[in-house]
$ cat data_32.csv   # CSV, C-alpha atoms and all ligand atoms
chain,number,residue,atom,x,y,z
A,1,MET,CA,-97.3,-53.1,-0.9
A,2,ILE,CA,-97.4,-49.3,-1.0
A,3,ARG,CA,-94.8,-47.6,-3.1
A,4,VAL,CA,-93.5,-44.5,-1.4
A,5,LYS,CA,-92.9,-41.9,-4.1
A,6,ILE,CA,-90.2,-39.4,-3.6
A,7,LEU,CA,-90.2,-37.0,-6.5
A,8,THR,CA,-86.8,-35.3,-6.7
A,9,ASP,CA,-83.4,-35.4,-5.3
A,10,LYS,CA,-83.9,-31.9,-4.1
A,11,LEU,CA,-86.8,-33.0,-2.0
A,12,ILE,CA,-84.8,-35.6,-0.3
A,13,THR,CA,-82.1,-33.1,0.6
A,14,GLU,CA,-84.6,-30.8,2.2
A,15,LYS,CA,-86.4,-33.6,3.9
A,16,LEU,CA,-83.2,-35.5,4.8
A,17,PHE,CA,-83.9,-35.1,8.5
A,18,THR,CA,-87.5,-36.3,8.2
A,19,TYR,CA,-86.5,-39.4,6.4
A,20,TYR,CA,-83.7,-40.1,9.0
A,21,VAL,CA,-86.2,-39.8,11.8
A,22,CYS,CA,-88.6,-42.0,9.8
A,23,ILE,CA,-86.0,-44.7,9.6
A,24,LYS,CA,-85.0,-44.4,13.2
A,25,LYS,CA,-88.4,-43.9,14.9
A,26,ASN,CA,-91.6,-44.8,13.2
A,27,PHE,CA,-90.4,-47.3,10.7
A,28,ASN,CA,-88.3,-50.4,11.0
A,29,VAL,CA,-86.1,-51.3,8.2
A,30,ALA,CA,-87.1,-54.7,6.9
A,31,PHE,CA,-84.2,-55.3,4.6
A,32,PHE,CA,-82.0,-53.8,2.0
A,33,GLN,CA,-81.5,-54.9,-1.5
A,34,LEU,CA,-80.0,-51.7,-2.9
A,35,PRO,CA,-81.2,-49.9,-4.9
A,36,ILE,CA,-84.4,-50.8,-3.0
A,37,VAL,CA,-85.1,-50.6,0.7
A,38,PHE,CA,-88.1,-52.1,2.4
A,39,PHE,CA,-89.6,-50.6,5.6
A,40,PHE,CA,-92.4,-51.7,7.7
A,41,LYS,CA,-94.5,-49.9,10.3
A,42,LYS,CA,-96.6,-51.4,13.0
A,43,SER,CA,-99.9,-49.7,13.5
A,44,GLU,CA,-102.8,-50.2,15.8
A,45,LYS,CA,-106.1,-51.3,14.2
A,46,LYS,CA,-108.8,-48.7,14.3
A,47,ASP,CA,-111.1,-50.8,16.4
A,48,GLY,CA,-108.3,-51.3,18.9
A,49,ARG,CA,-108.2,-55.0,18.3
A,50,GLY,CA,-104.6,-55.8,17.7
A,51,HIS,CA,-102.0,-54.5,15.2
A,52,PHE,CA,-101.3,-54.6,11.5
A,53,PHE,CA,-98.2,-54.0,9.5
A,54,GLN,CA,-97.7,-51.7,6.6
A,55,PHE,CA,-94.9,-52.3,4.2
A,56,PHE,CA,-93.1,-49.6,2.2
A,57,GLN,CA,-90.6,-49.8,-0.5
A,58,ILE,CA,-88.3,-47.0,-1.6
A,59,GLU,CA,-86.1,-47.0,-4.7
A,60,THR,CA,-82.9,-45.2,-3.8
A,61,LYS,CA,-81.6,-45.0,-7.4
A,62,ASN,CA,-81.9,-41.2,-7.6
A,63,PHE,CA,-81.4,-40.5,-3.9
A,64,PRO,CA,-77.7,-40.6,-3.0
A,65,TYR,CA,-78.3,-39.0,0.4
A,66,LEU,CA,-80.7,-41.7,1.4
A,67,ARG,CA,-78.2,-44.3,0.3
A,68,ILE,CA,-75.6,-42.8,2.5
A,69,ILE,CA,-77.9,-42.9,5.5
A,70,ILE,CA,-78.8,-46.5,4.8
A,71,ARG,CA,-75.2,-47.5,4.2
A,72,ASN,CA,-74.3,-46.2,7.7
A,73,HIS,CA,-77.3,-47.8,9.3
A,74,PRO,CA,-76.2,-50.5,11.8
A,75,LEU,CA,-78.4,-53.0,10.1
A,76,SER,CA,-76.5,-52.7,6.9
A,77,MET,CA,-73.1,-53.3,8.6
A,78,LYS,CA,-72.2,-57.0,8.3
A,79,GLN,CA,-70.1,-58.6,11.1
A,80,SER,CA,-66.3,-59.0,11.2
A,81,ASP,CA,-63.7,-58.3,13.9
A,82,CYS,CA,-61.1,-57.5,11.2
A,83,ILE,CA,-60.7,-54.5,8.9
A,84,VAL,CA,-58.1,-54.3,6.2
A,85,ILE,CA,-57.1,-50.7,5.4
A,86,ILE,CA,-55.9,-50.1,1.8
A,87,PRO,CA,-54.6,-46.6,0.9
A,88,THR,CA,-54.9,-45.8,-2.8
A,89,TYR,CA,-53.5,-43.3,-5.2
A,90,ASN,CA,-54.2,-44.1,-8.9
A,91,GLU,CA,-54.8,-47.8,-8.5
A,92,LYS,CA,-57.6,-48.4,-11.0
A,93,GLU,CA,-55.8,-51.4,-12.4
A,94,ASN,CA,-55.6,-53.1,-9.1
A,95,ILE,CA,-58.3,-52.0,-6.7
A,96,GLU,CA,-61.2,-54.2,-7.9
A,97,LYS,CA,-59.0,-57.3,-8.1
A,98,ILE,CA,-57.5,-56.8,-4.6
A,99,ILE,CA,-61.0,-56.2,-3.1
A,100,ARG,CA,-62.4,-59.3,-4.6
A,101,ALA,CA,-59.3,-61.3,-3.5
A,102,VAL,CA,-59.9,-60.3,0.1
A,103,PHE,CA,-63.6,-61.1,0.1
A,104,ALA,CA,-62.8,-64.5,-1.5
A,105,LEU,CA,-61.0,-65.5,1.7
A,106,GLU,CA,-62.7,-68.0,4.0
A,107,LYS,CA,-62.5,-65.7,7.0
A,108,ALA,CA,-64.6,-62.5,6.8
A,109,PHE,CA,-62.5,-59.4,6.6
A,110,HIS,CA,-63.9,-56.0,6.0
A,111,ILE,CA,-62.1,-53.4,3.9
A,112,LEU,CA,-61.6,-49.7,4.3
A,113,VAL,CA,-60.1,-47.9,1.2
A,114,ILE,CA,-58.5,-44.5,1.8
A,115,ASP,CA,-58.4,-42.7,-1.5
A,116,ASP,CA,-56.6,-39.4,-2.0
A,117,GLY,CA,-58.7,-38.1,-4.8
A,118,SER,CA,-57.1,-40.3,-7.4
A,119,PRO,CA,-57.4,-38.6,-10.8
A,120,ASP,CA,-57.8,-42.1,-12.4
A,121,GLY,CA,-61.2,-42.7,-10.7
A,122,THR,CA,-60.1,-45.4,-8.2
A,123,ALA,CA,-62.7,-44.1,-5.8
A,124,ASP,CA,-65.5,-44.5,-8.3
A,125,ILE,CA,-64.7,-48.2,-8.7
A,126,VAL,CA,-64.9,-48.7,-4.9
A,127,LYS,CA,-68.2,-46.8,-4.7
A,128,ARG,CA,-69.7,-49.1,-7.4
A,129,LEU,CA,-68.5,-52.2,-5.6
A,130,MET,CA,-69.9,-50.9,-2.3
A,131,GLN,CA,-73.4,-50.7,-3.9
A,132,THR,CA,-73.4,-53.7,-6.0
A,133,ASP,CA,-71.5,-56.5,-4.3
A,134,PHE,CA,-70.1,-55.6,-0.9
A,135,LEU,CA,-72.7,-53.4,0.9
A,136,GLY,CA,-71.8,-53.3,4.7
A,137,GLU,CA,-68.4,-54.8,4.3
A,138,LEU,CA,-66.5,-52.4,2.1
A,139,PHE,CA,-66.0,-48.8,3.1
A,140,LEU,CA,-64.4,-45.7,1.7
A,141,ILE,CA,-62.8,-42.5,3.0
A,142,GLU,CA,-62.2,-40.0,0.2
A,143,ARG,CA,-59.6,-37.2,0.9
A,144,SER,CA,-58.8,-34.3,-1.4
A,145,GLY,CA,-55.4,-34.6,-3.0
A,146,LYS,CA,-52.4,-36.8,-2.3
A,147,GLN,CA,-51.6,-36.4,1.4
A,148,GLY,CA,-49.2,-39.3,1.9
A,149,LEU,CA,-49.5,-42.8,3.1
A,150,GLY,CA,-48.9,-42.0,6.8
A,151,THR,CA,-51.8,-39.6,7.2
A,152,ALA,CA,-54.1,-41.9,5.1
A,153,TYR,CA,-53.4,-44.8,7.6
A,154,ILE,CA,-53.9,-42.5,10.6
A,155,ALA,CA,-57.4,-41.5,9.2
A,156,GLY,CA,-58.1,-45.2,8.7
A,157,PHE,CA,-56.9,-46.2,12.2
A,158,LYS,CA,-59.2,-43.7,13.8
A,159,TRP,CA,-62.2,-44.9,11.7
A,160,ALA,CA,-61.4,-48.5,12.6
A,161,LEU,CA,-61.2,-47.7,16.4
A,162,GLU,CA,-64.5,-45.8,16.2
A,163,HIS,CA,-66.1,-48.7,14.5
A,164,LYS,CA,-64.9,-51.2,17.1
A,165,TYR,CA,-62.7,-53.5,15.1
A,166,ASP,CA,-60.4,-55.8,17.1
A,167,TYR,CA,-57.8,-56.5,14.4
A,168,ILE,CA,-56.7,-53.7,12.1
A,169,PHE,CA,-54.6,-54.4,9.0
A,170,GLU,CA,-52.4,-52.4,6.7
A,171,MET,CA,-52.1,-53.6,3.1
A,172,ASP,CA,-51.0,-52.1,-0.3
A,173,ALA,CA,-53.4,-52.1,-3.2
A,174,ASP,CA,-50.8,-53.3,-5.8
A,175,PHE,CA,-50.6,-57.0,-4.9
A,176,SER,CA,-47.1,-56.6,-3.5
A,177,HIS,CA,-48.8,-58.0,-0.4
A,178,ASP,CA,-50.6,-61.2,-1.0
A,179,PRO,CA,-54.2,-61.2,0.5
A,180,ASN,CA,-53.8,-64.9,1.1
A,181,ASP,CA,-51.3,-64.0,3.9
A,182,LEU,CA,-53.9,-62.1,5.9
A,183,PRO,CA,-55.1,-65.1,7.8
A,184,ARG,CA,-51.5,-65.9,9.0
A,185,LEU,CA,-51.1,-62.3,10.2
A,186,TYR,CA,-54.4,-62.5,12.0
A,187,SER,CA,-53.6,-65.8,13.6
A,188,ALA,CA,-50.3,-64.4,15.1
A,189,CYS,CA,-52.4,-61.8,16.9
A,190,ALA,CA,-55.6,-63.7,17.6
A,191,ASP,CA,-54.2,-67.2,18.4
A,192,GLU,CA,-50.6,-66.6,19.5
A,193,GLY,CA,-51.2,-63.5,21.6
A,194,TYR,CA,-49.0,-61.0,19.7
A,195,ASP,CA,-50.0,-57.4,19.6
A,196,LEU,CA,-48.5,-56.6,16.2
A,197,SER,CA,-47.7,-59.0,13.4
A,198,ILE,CA,-45.6,-58.0,10.5
A,199,GLY,CA,-45.4,-59.6,7.0
A,200,SER,CA,-41.7,-59.8,6.8
A,201,ARG,CA,-39.5,-60.1,3.6
A,202,TYR,CA,-36.2,-60.6,5.4
A,203,ILE,CA,-37.0,-63.2,8.1
A,204,SER,CA,-35.7,-66.1,6.1
A,205,GLY,CA,-33.3,-64.8,3.5
A,206,VAL,CA,-34.7,-62.2,1.1
A,207,ASN,CA,-38.2,-63.0,-0.2
A,208,VAL,CA,-38.6,-60.3,-2.8
A,209,ILE,CA,-39.7,-61.1,-6.4
A,210,ASN,CA,-39.1,-58.8,-9.4
A,211,TRP,CA,-37.5,-55.9,-7.7
A,212,PRO,CA,-34.3,-54.6,-9.4
A,213,MET,CA,-31.2,-55.6,-7.4
A,214,SER,CA,-30.6,-51.9,-6.5
A,215,ARG,CA,-34.0,-51.7,-4.8
A,216,VAL,CA,-33.6,-55.0,-2.9
A,217,LEU,CA,-30.2,-53.9,-1.6
A,218,MET,CA,-31.5,-50.4,-0.7
A,219,SER,CA,-34.4,-51.9,1.2
A,220,TYR,CA,-32.3,-54.6,2.9
A,221,PHE,CA,-29.6,-52.2,4.0
A,222,ALA,CA,-32.2,-49.6,5.0
A,223,SER,CA,-33.7,-52.2,7.4
A,224,MET,CA,-30.2,-52.9,8.8
A,225,TYR,CA,-29.5,-49.2,9.2
A,226,VAL,CA,-32.8,-48.8,11.2
A,227,ARG,CA,-31.9,-51.7,13.4
A,228,LEU,CA,-28.5,-50.3,14.1
A,229,ILE,CA,-29.7,-46.8,15.0
A,230,THR,CA,-32.9,-47.6,16.8
A,231,GLY,CA,-32.1,-51.0,18.4
A,232,LEU,CA,-35.4,-52.4,17.0
A,233,LYS,CA,-35.2,-56.2,16.9
A,234,ILE,CA,-37.1,-56.5,13.7
A,235,GLN,CA,-35.7,-57.7,10.4
A,236,ASP,CA,-38.1,-55.9,8.1
A,237,THR,CA,-38.4,-52.5,9.6
A,238,THR,CA,-40.0,-50.7,6.6
A,239,ALA,CA,-42.6,-53.4,6.0
A,240,GLY,CA,-46.2,-52.1,5.4
A,241,PHE,CA,-48.1,-55.4,5.6
A,242,LYS,CA,-49.3,-55.7,9.2
A,243,CYS,CA,-52.0,-56.6,11.7
A,244,TYR,CA,-52.4,-54.5,14.9
A,245,LYS,CA,-54.5,-55.5,17.8
A,246,ARG,CA,-56.9,-52.7,18.6
A,247,ARG,CA,-55.2,-51.9,21.9
A,248,VAL,CA,-51.9,-51.0,20.1
A,249,LEU,CA,-53.7,-48.3,18.1
A,250,SER,CA,-55.8,-47.0,21.1
A,251,THR,CA,-52.6,-46.7,23.1
A,252,ILE,CA,-50.4,-44.9,20.6
A,253,GLN,CA,-51.2,-41.2,20.4
A,254,LEU,CA,-52.0,-41.2,16.7
A,255,ASP,CA,-51.9,-37.5,16.3
A,256,LYS,CA,-48.3,-37.4,17.4
A,257,ILE,CA,-47.1,-39.7,14.7
A,258,ARG,CA,-45.1,-37.3,12.5
A,259,PHE,CA,-43.8,-39.2,9.4
A,260,LYS,CA,-45.6,-39.9,6.2
A,261,GLY,CA,-43.7,-42.4,3.9
A,262,TYR,CA,-41.4,-45.3,4.8
A,263,ALA,CA,-40.5,-43.4,8.0
A,264,PHE,CA,-44.2,-43.7,9.0
A,265,GLN,CA,-43.8,-47.5,8.9
A,266,ILE,CA,-40.7,-47.4,11.0
A,267,GLU,CA,-42.2,-44.9,13.5
A,268,MET,CA,-45.2,-47.1,14.0
A,269,LYS,CA,-43.1,-50.1,14.7
A,270,TYR,CA,-40.7,-48.2,17.0
A,271,THR,CA,-43.5,-46.7,19.0
A,272,THR,CA,-45.3,-50.1,19.3
A,273,TYR,CA,-42.0,-51.6,20.6
A,274,LYS,CA,-41.3,-48.7,23.0
A,275,CYS,CA,-44.8,-49.0,24.5
A,276,GLY,CA,-43.9,-52.6,25.4
A,277,PHE,CA,-46.1,-54.5,23.0
A,278,LYS,CA,-45.3,-58.0,21.7
A,279,ILE,CA,-44.3,-58.1,18.0
A,280,LYS,CA,-44.0,-61.1,15.7
A,281,GLU,CA,-42.6,-61.3,12.1
A,282,VAL,CA,-44.4,-63.6,9.8
A,283,PRO,CA,-42.5,-64.6,6.7
A,284,VAL,CA,-44.1,-63.5,3.4
A,285,VAL,CA,-43.1,-63.2,-0.2
A,286,PHE,CA,-43.2,-59.7,-1.6
A,287,VAL,CA,-43.9,-59.3,-5.3
A,288,ASN,CA,-43.1,-56.0,-7.2
A,289,ARG,CA,-46.2,-54.3,-8.5
A,290,VAL,CA,-47.2,-55.6,-12.0
A,291,GLU,CA,-49.8,-52.9,-12.8
A,292,GLY,CA,-50.1,-49.2,-12.0
A,293,VAL,CA,-47.2,-46.8,-11.2
A,294,SER,CA,-45.0,-46.4,-8.2
A,295,LYS,CA,-45.3,-43.5,-5.8
A,296,MET,CA,-41.9,-43.9,-4.3
A,297,ASN,CA,-39.7,-40.8,-4.5
A,298,GLY,CA,-36.6,-39.2,-3.1
A,299,SER,CA,-38.3,-37.2,-0.4
A,300,ILE,CA,-39.9,-40.3,1.0
A,301,PHE,CA,-36.4,-41.8,1.2
A,302,SER,CA,-34.7,-38.8,2.8
A,303,GLU,CA,-37.6,-38.5,5.3
A,304,ALA,CA,-36.8,-42.1,6.4
A,305,PHE,CA,-33.0,-41.6,6.5
A,306,PHE,CA,-33.1,-38.6,8.8
A,307,GLY,CA,-36.3,-39.6,10.5
A,308,VAL,CA,-34.7,-42.7,12.0
A,309,MET,CA,-32.2,-40.5,13.9
A,310,ARG,CA,-35.0,-38.4,15.2
A,311,LEU,CA,-36.8,-41.5,16.4
A,312,ARG,CA,-33.7,-42.5,18.3
A,313,LEU,CA,-33.5,-39.1,20.0
A,314,ASP,CA,-37.2,-39.5,20.9
A,315,GLY,CA,-36.4,-42.9,22.3
A,316,TRP,CA,-34.0,-41.2,24.8
A,317,PHE,CA,-36.2,-38.3,25.8
A,318,LYS,CA,-39.9,-39.1,25.1
A,319,LYS,CA,-42.3,-40.7,27.6
A,320,TYR,CA,-44.3,-43.4,25.8
A,321,PRO,CA,-47.9,-44.0,26.9
A,322,LYS,CA,-48.9,-46.9,29.2
A,323,ILE,CA,-50.7,-49.8,27.5
A,324,ASN,CA,-54.4,-49.0,27.2
A,325,GLU,CA,-56.2,-52.2,28.2
A,326,GLU,CA,-59.4,-51.2,26.4
M,1,LIG,N1,-54.2,-42.6,0.1
M,1,LIG,C1,-52.9,-42.6,-0.3
M,1,LIG,N2,-52.4,-43.8,-0.8
M,1,LIG,C2,-51.1,-43.7,-1.2
M,1,LIG,C3,-50.3,-42.6,-1.2
M,1,LIG,N3,-49.1,-42.9,-1.7
M,1,LIG,C4,-49.1,-44.2,-2.0
M,1,LIG,N4,-50.3,-44.7,-1.7
M,1,LIG,C5,-50.8,-46.1,-1.8
M,1,LIG,O1,-50.0,-46.9,-0.8
M,1,LIG,C6,-49.7,-48.1,-1.3
M,1,LIG,C7,-48.1,-48.3,-1.4
M,1,LIG,O2,-47.6,-47.4,-2.4
M,1,LIG,P1,-46.7,-47.8,-3.6
M,1,LIG,O3,-46.7,-46.9,-4.7
M,1,LIG,O4,-47.0,-49.2,-4.0
M,1,LIG,O5,-45.3,-47.7,-2.9
M,1,LIG,P2,-44.2,-48.8,-2.9
M,1,LIG,O6,-44.8,-50.1,-2.6
M,1,LIG,O7,-43.2,-48.3,-2.0
M,1,LIG,O8,-43.6,-48.7,-4.4
M,1,LIG,P3,-44.0,-49.6,-5.7
M,1,LIG,O9,-44.5,-50.9,-5.2
M,1,LIG,O10,-42.7,-49.6,-6.4
M,1,LIG,O11,-45.0,-48.8,-6.4
M,1,LIG,C8,-50.4,-48.3,-2.7
M,1,LIG,O12,-51.6,-48.9,-2.4
M,1,LIG,C9,-50.6,-46.8,-3.1
M,1,LIG,O13,-51.7,-46.7,-4.0
M,1,LIG,C10,-51.0,-41.3,-0.8
M,1,LIG,O14,-50.4,-40.3,-0.8
M,1,LIG,N5,-52.2,-41.4,-0.3
M,2,MG,MG,-46.0,-51.1,-3.9
$ encode --input "data_32.csv" --output "structure tokens"
Amino acid sequence: MIRVKILTDKLITEKLFTYYVCIKKNFNVAFFQLPIVFFFKKSEKKDGRGHFFQFFQIETKNFPYLRIIIRNHPLSMKQSDCIVIIPTYNEKENIEKIIRAVFALEKAFHILVIDDGSPDGTADIVKRLMQTDFLGELFLIERSGKQGLGTAYIAGFKWALEHKYDYIFEMDADFSHDPNDLPRLYSACADEGYDLSIGSRYISGVNVINWPMSRVLMSYFASMYVRLITGLKIQDTTAGFKCYKRRVLSTIQLDKIRFKGYAFQIEMKYTTYKCGFKIKEVPVVFVNRVEGVSKMNGSIFSEAFFGVMRLRLDGWFKKYPKINEE
């Protein structure tokens, strides 16, 4: 085996294109076992009698750019029709545990984390796991600064559509949503034919653990208020644990979704409903976060309060897109 020596990281930056072409054209990637990648090249024998194979091995330890190319190479993407989008802001206590809990499920789910430059280094934990344990099934989008849950999900939805996933999930990082409920949300869409399934706290009584009574009441009455104003026939209108069929997200004009916090969750449900999709609520138990800190604040609440009225006005005057049967 010939060891391909690459001397400095600078060299690889300059020669990035060459290496890319090398991977795509002349060489075939044999297999990855990061930090080492094995290539082979088929060459003709000098005497013209047949072929022989040359093998190459590259250590990527010092070459982050090469690692990025390889990570995005189709061969390194494992297969799944499902992607769970997890937005994070300062979730270092939870992120590794929640990622491992999803990958421990029997069904294969992929994960896309959208981190808004968490000062606590959440993204670094994800990057480590991408390289060590979950290459090709764990992905990360890093954004600069806290830009809100809504825009994080929109970025994730676009990525998931581009990467051809059929079932696209929303889930919090803080274990309020139990990863063990993912298969039930999936089954409502994949087996029962619904377009959107919602992990609902209020479908059979109130299934919330460890929230102070004031917050339970606020959330419950907020849901009632939304139903009253919008006419949505959903019990848990602010829920953020969901599974969308691809066609829902390819129908909705994602750039026109205007809200960012709880109102984002309501707007997505309302738009889905107005487009004529079938929605199912799946009962789940919601547990208050044990670790990390809450990002809930007054502006998120007031956006939701007034936003609901704007949604109702939209409902009267806006034309909703026809279902995209992609
Ligand atoms: N990327 C990104 N993620 C966010 C942002 N705000 C919140 N999150 C994440 O969104 C999820 C839900 O936020 P939470 O802070 O749990 O909000 P909550 O569930 O309403 O409140 P608590 O459970 O009381 O903390 C968590 O995974 C957060 O880390 C943001 O601005 N950007
Ligand atoms: Mg939470």
$ closest_atom_pairs --input "data_32.csv" --of "chain A" --to "ligand LIG 1 (chain M)" --cutoff "6 Å" --atoms "all atoms listed in the file" --output "Markdown table"
| residue | atom | partner | partner_atom | distance |
| --- | --- | --- | --- | --- |
| A:Pro87 | CA | M:LIG1 | N2 | 3.9 |
| A:Thr88 | CA | M:LIG1 | O13 | 3.5 |
| A:Tyr89 | CA | M:LIG1 | O13 | 4.0 |
| A:Glu91 | CA | M:LIG1 | O13 | 5.6 |
| A:Ile114 | CA | M:LIG1 | N1 | 5.0 |
| A:Asp115 | CA | M:LIG1 | N1 | 4.5 |
| A:Asp116 | CA | M:LIG1 | N1 | 4.5 |
| A:Lys146 | CA | M:LIG1 | O14 | 4.3 |
| A:Gln147 | CA | M:LIG1 | O14 | 4.6 |
| A:Gly148 | CA | M:LIG1 | O14 | 3.1 |
| A:Leu149 | CA | M:LIG1 | C3 | 4.4 |
| A:Ala152 | CA | M:LIG1 | N1 | 5.0 |
| A:Asp172 | CA | M:LIG1 | O12 | 3.9 |
| A:Ala173 | CA | M:LIG1 | O12 | 3.8 |
| A:Asp174 | CA | M:LIG1 | O12 | 5.6 |
| A:Asn288 | CA | M:LIG1 | O9 | 5.7 |
| A:Arg289 | CA | M:LIG1 | O9 | 5.0 |
| A:Val293 | CA | M:LIG1 | O11 | 5.6 |
| A:Ser294 | CA | M:LIG1 | O11 | 3.0 |
| A:Lys295 | CA | M:LIG1 | O3 | 3.8 |
| A:Met296 | CA | M:LIG1 | O8 | 5.1 |
$ residues_around --input "data_32.csv" --residues "stretch 268-276 of chain A" --least-positions-apart "4" --cutoff "8 Å" --atoms "only C-alpha atoms" --output "VMD selection string"
chain A and resid 196 230 232 237 248 252 257 264 311 315 320 to 323
$ atom_distance --input "data_32.csv" --atom1 "atom CA of A:Lys233" --atom2 "atom CA of A:Tyr194"
14.9 Å
$ atom_distance --input "data_32.csv" --atom1 "atom MG of ligand MG 2 (chain M)" --atom2 "atom CA of A:His177"
8.2 Å
$ atom_distance --input "data_32.csv" --atom1 "atom CA of A:Ile98" --atom2 "atom CA of A:Gln235"
26.5 Å
$ closest_residue --input "data_32.csv" --among "A:Phe286, A:Phe277, A:Tyr244, A:Phe301" --to "A:Leu161" --atoms "all atoms listed in the file"
A:Tyr244
$ closest_residue --input "data_32.csv" --among "A:Ser200, A:Glu44, A:Asp166, A:Tyr262" --to "ligand MG 2 (chain M)" --atoms "only C-alpha atoms and all ligand atoms"
A:Tyr262
$ residues_around --input "data_32.csv" --residues "stretch 214-227 of chain A" --least-positions-apart "4" --cutoff "10 Å" --atoms "only C-alpha atoms" --output "PyMOL selection string"
chain A and resi 201-202+206-210+231-239+263+266+270+301+304-305+307-309+311-312
$ residues_around --input "data_32.csv" --residues "stretch 178-187 of chain A" --least-positions-apart "3" --cutoff "9 Å" --atoms "only C-alpha atoms" --output "PyMOL selection string"
chain A and resi 82+84+98+101-102+105-107+167+169+171+175+190-193+196-199+241-244+281-282+284-287
$ residues_around --input "data_32.csv" --residues "A:Leu112" --least-positions-apart "6" --cutoff "10 Å" --atoms "only C-alpha atoms" --output "list in words"
Ile83, Val84, Ile85, Ile86, Pro87, Ile99, Val126, Glu137, Leu138, Phe139, Leu140, Ile141, Gly156, Phe157, Trp159, Ala160, Phe169 and Glu170 of chain A
$ closest_residue --input "data_32.csv" --among "A:Thr251, A:Ser176, A:Asn90, A:Ser118" --to "ligand MG 2 (chain M)" --atoms "all atoms listed in the file"
A:Ser176
$ build_atoms --input "data_32.csv" --residues "stretch 83-100 of chain A" --atoms "N, CA and C atoms" --output "PDB file, in the coordinates of the input"
ATOM      1  N   ILE A  83     -60.541 -55.458  10.023  1.00  0.00           N
ATOM      2  CA  ILE A  83     -60.700 -54.500   8.900  1.00  0.00           C
ATOM      3  C   ILE A  83     -59.303 -54.322   8.236  1.00  0.00           C
ATOM      4  N   VAL A  84     -59.297 -54.442   6.924  1.00  0.00           N
ATOM      5  CA  VAL A  84     -58.100 -54.300   6.200  1.00  0.00           C
ATOM      6  C   VAL A  84     -58.088 -52.856   5.564  1.00  0.00           C
ATOM      7  N   ILE A  85     -57.118 -52.031   5.946  1.00  0.00           N
ATOM      8  CA  ILE A  85     -57.100 -50.700   5.400  1.00  0.00           C
ATOM      9  C   ILE A  85     -56.153 -50.644   4.191  1.00  0.00           C
ATOM     10  N   ILE A  86     -56.691 -50.168   3.073  1.00  0.00           N
ATOM     11  CA  ILE A  86     -55.900 -50.100   1.800  1.00  0.00           C
ATOM     12  C   ILE A  86     -55.856 -48.644   1.369  1.00  0.00           C
ATOM     13  N   PRO A  87     -54.679 -47.998   1.463  1.00  0.00           N
ATOM     14  CA  PRO A  87     -54.600 -46.600   0.900  1.00  0.00           C
ATOM     15  C   PRO A  87     -54.378 -46.701  -0.570  1.00  0.00           C
ATOM     16  N   THR A  88     -55.013 -45.782  -1.301  1.00  0.00           N
ATOM     17  CA  THR A  88     -54.900 -45.800  -2.800  1.00  0.00           C
ATOM     18  C   THR A  88     -54.566 -44.471  -3.343  1.00  0.00           C
ATOM     19  N   TYR A  89     -53.717 -44.472  -4.336  1.00  0.00           N
ATOM     20  CA  TYR A  89     -53.500 -43.300  -5.200  1.00  0.00           C
ATOM     21  C   TYR A  89     -53.296 -43.836  -6.604  1.00  0.00           C
ATOM     22  N   ASN A  90     -54.247 -43.606  -7.486  1.00  0.00           N
ATOM     23  CA  ASN A  90     -54.200 -44.100  -8.900  1.00  0.00           C
ATOM     24  C   ASN A  90     -53.940 -45.608  -8.937  1.00  0.00           C
ATOM     25  N   GLU A  91     -54.903 -46.376  -8.463  1.00  0.00           N
ATOM     26  CA  GLU A  91     -54.800 -47.800  -8.500  1.00  0.00           C
ATOM     27  C   GLU A  91     -55.941 -48.476  -9.227  1.00  0.00           C
ATOM     28  N   LYS A  92     -56.385 -47.837 -10.310  1.00  0.00           N
ATOM     29  CA  LYS A  92     -57.600 -48.400 -11.000  1.00  0.00           C
ATOM     30  C   LYS A  92     -57.348 -49.765 -11.573  1.00  0.00           C
ATOM     31  N   GLU A  93     -56.108 -50.092 -11.875  1.00  0.00           N
ATOM     32  CA  GLU A  93     -55.800 -51.400 -12.400  1.00  0.00           C
ATOM     33  C   GLU A  93     -55.904 -52.510 -11.369  1.00  0.00           C
ATOM     34  N   ASN A  94     -55.688 -52.134 -10.118  1.00  0.00           N
ATOM     35  CA  ASN A  94     -55.600 -53.100  -9.100  1.00  0.00           C
ATOM     36  C   ASN A  94     -56.737 -53.227  -8.100  1.00  0.00           C
ATOM     37  N   ILE A  95     -57.442 -52.092  -7.909  1.00  0.00           N
ATOM     38  CA  ILE A  95     -58.300 -52.000  -6.700  1.00  0.00           C
ATOM     39  C   ILE A  95     -59.438 -53.056  -6.721  1.00  0.00           C
ATOM     40  N   GLU A  96     -60.102 -53.246  -7.857  1.00  0.00           N
ATOM     41  CA  GLU A  96     -61.200 -54.200  -7.900  1.00  0.00           C
ATOM     42  C   GLU A  96     -60.701 -55.618  -7.597  1.00  0.00           C
ATOM     43  N   LYS A  97     -59.566 -55.941  -8.235  1.00  0.00           N
ATOM     44  CA  LYS A  97     -59.000 -57.300  -8.100  1.00  0.00           C
ATOM     45  C   LYS A  97     -58.622 -57.569  -6.634  1.00  0.00           C
ATOM     46  N   ILE A  98     -58.001 -56.573  -5.994  1.00  0.00           N
ATOM     47  CA  ILE A  98     -57.500 -56.800  -4.600  1.00  0.00           C
ATOM     48  C   ILE A  98     -58.729 -56.910  -3.664  1.00  0.00           C
ATOM     49  N   ILE A  99     -59.751 -56.089  -3.913  1.00  0.00           N
ATOM     50  CA  ILE A  99     -61.000 -56.200  -3.100  1.00  0.00           C
ATOM     51  C   ILE A  99     -61.601 -57.536  -3.192  1.00  0.00           C
ATOM     52  N   ARG A 100     -61.743 -57.999  -4.429  1.00  0.00           N
ATOM     53  CA  ARG A 100     -62.400 -59.300  -4.600  1.00  0.00           C
ATOM     54  C   ARG A 100     -61.528 -60.432  -4.027  1.00  0.00           C
TER      55      ARG A 100
END
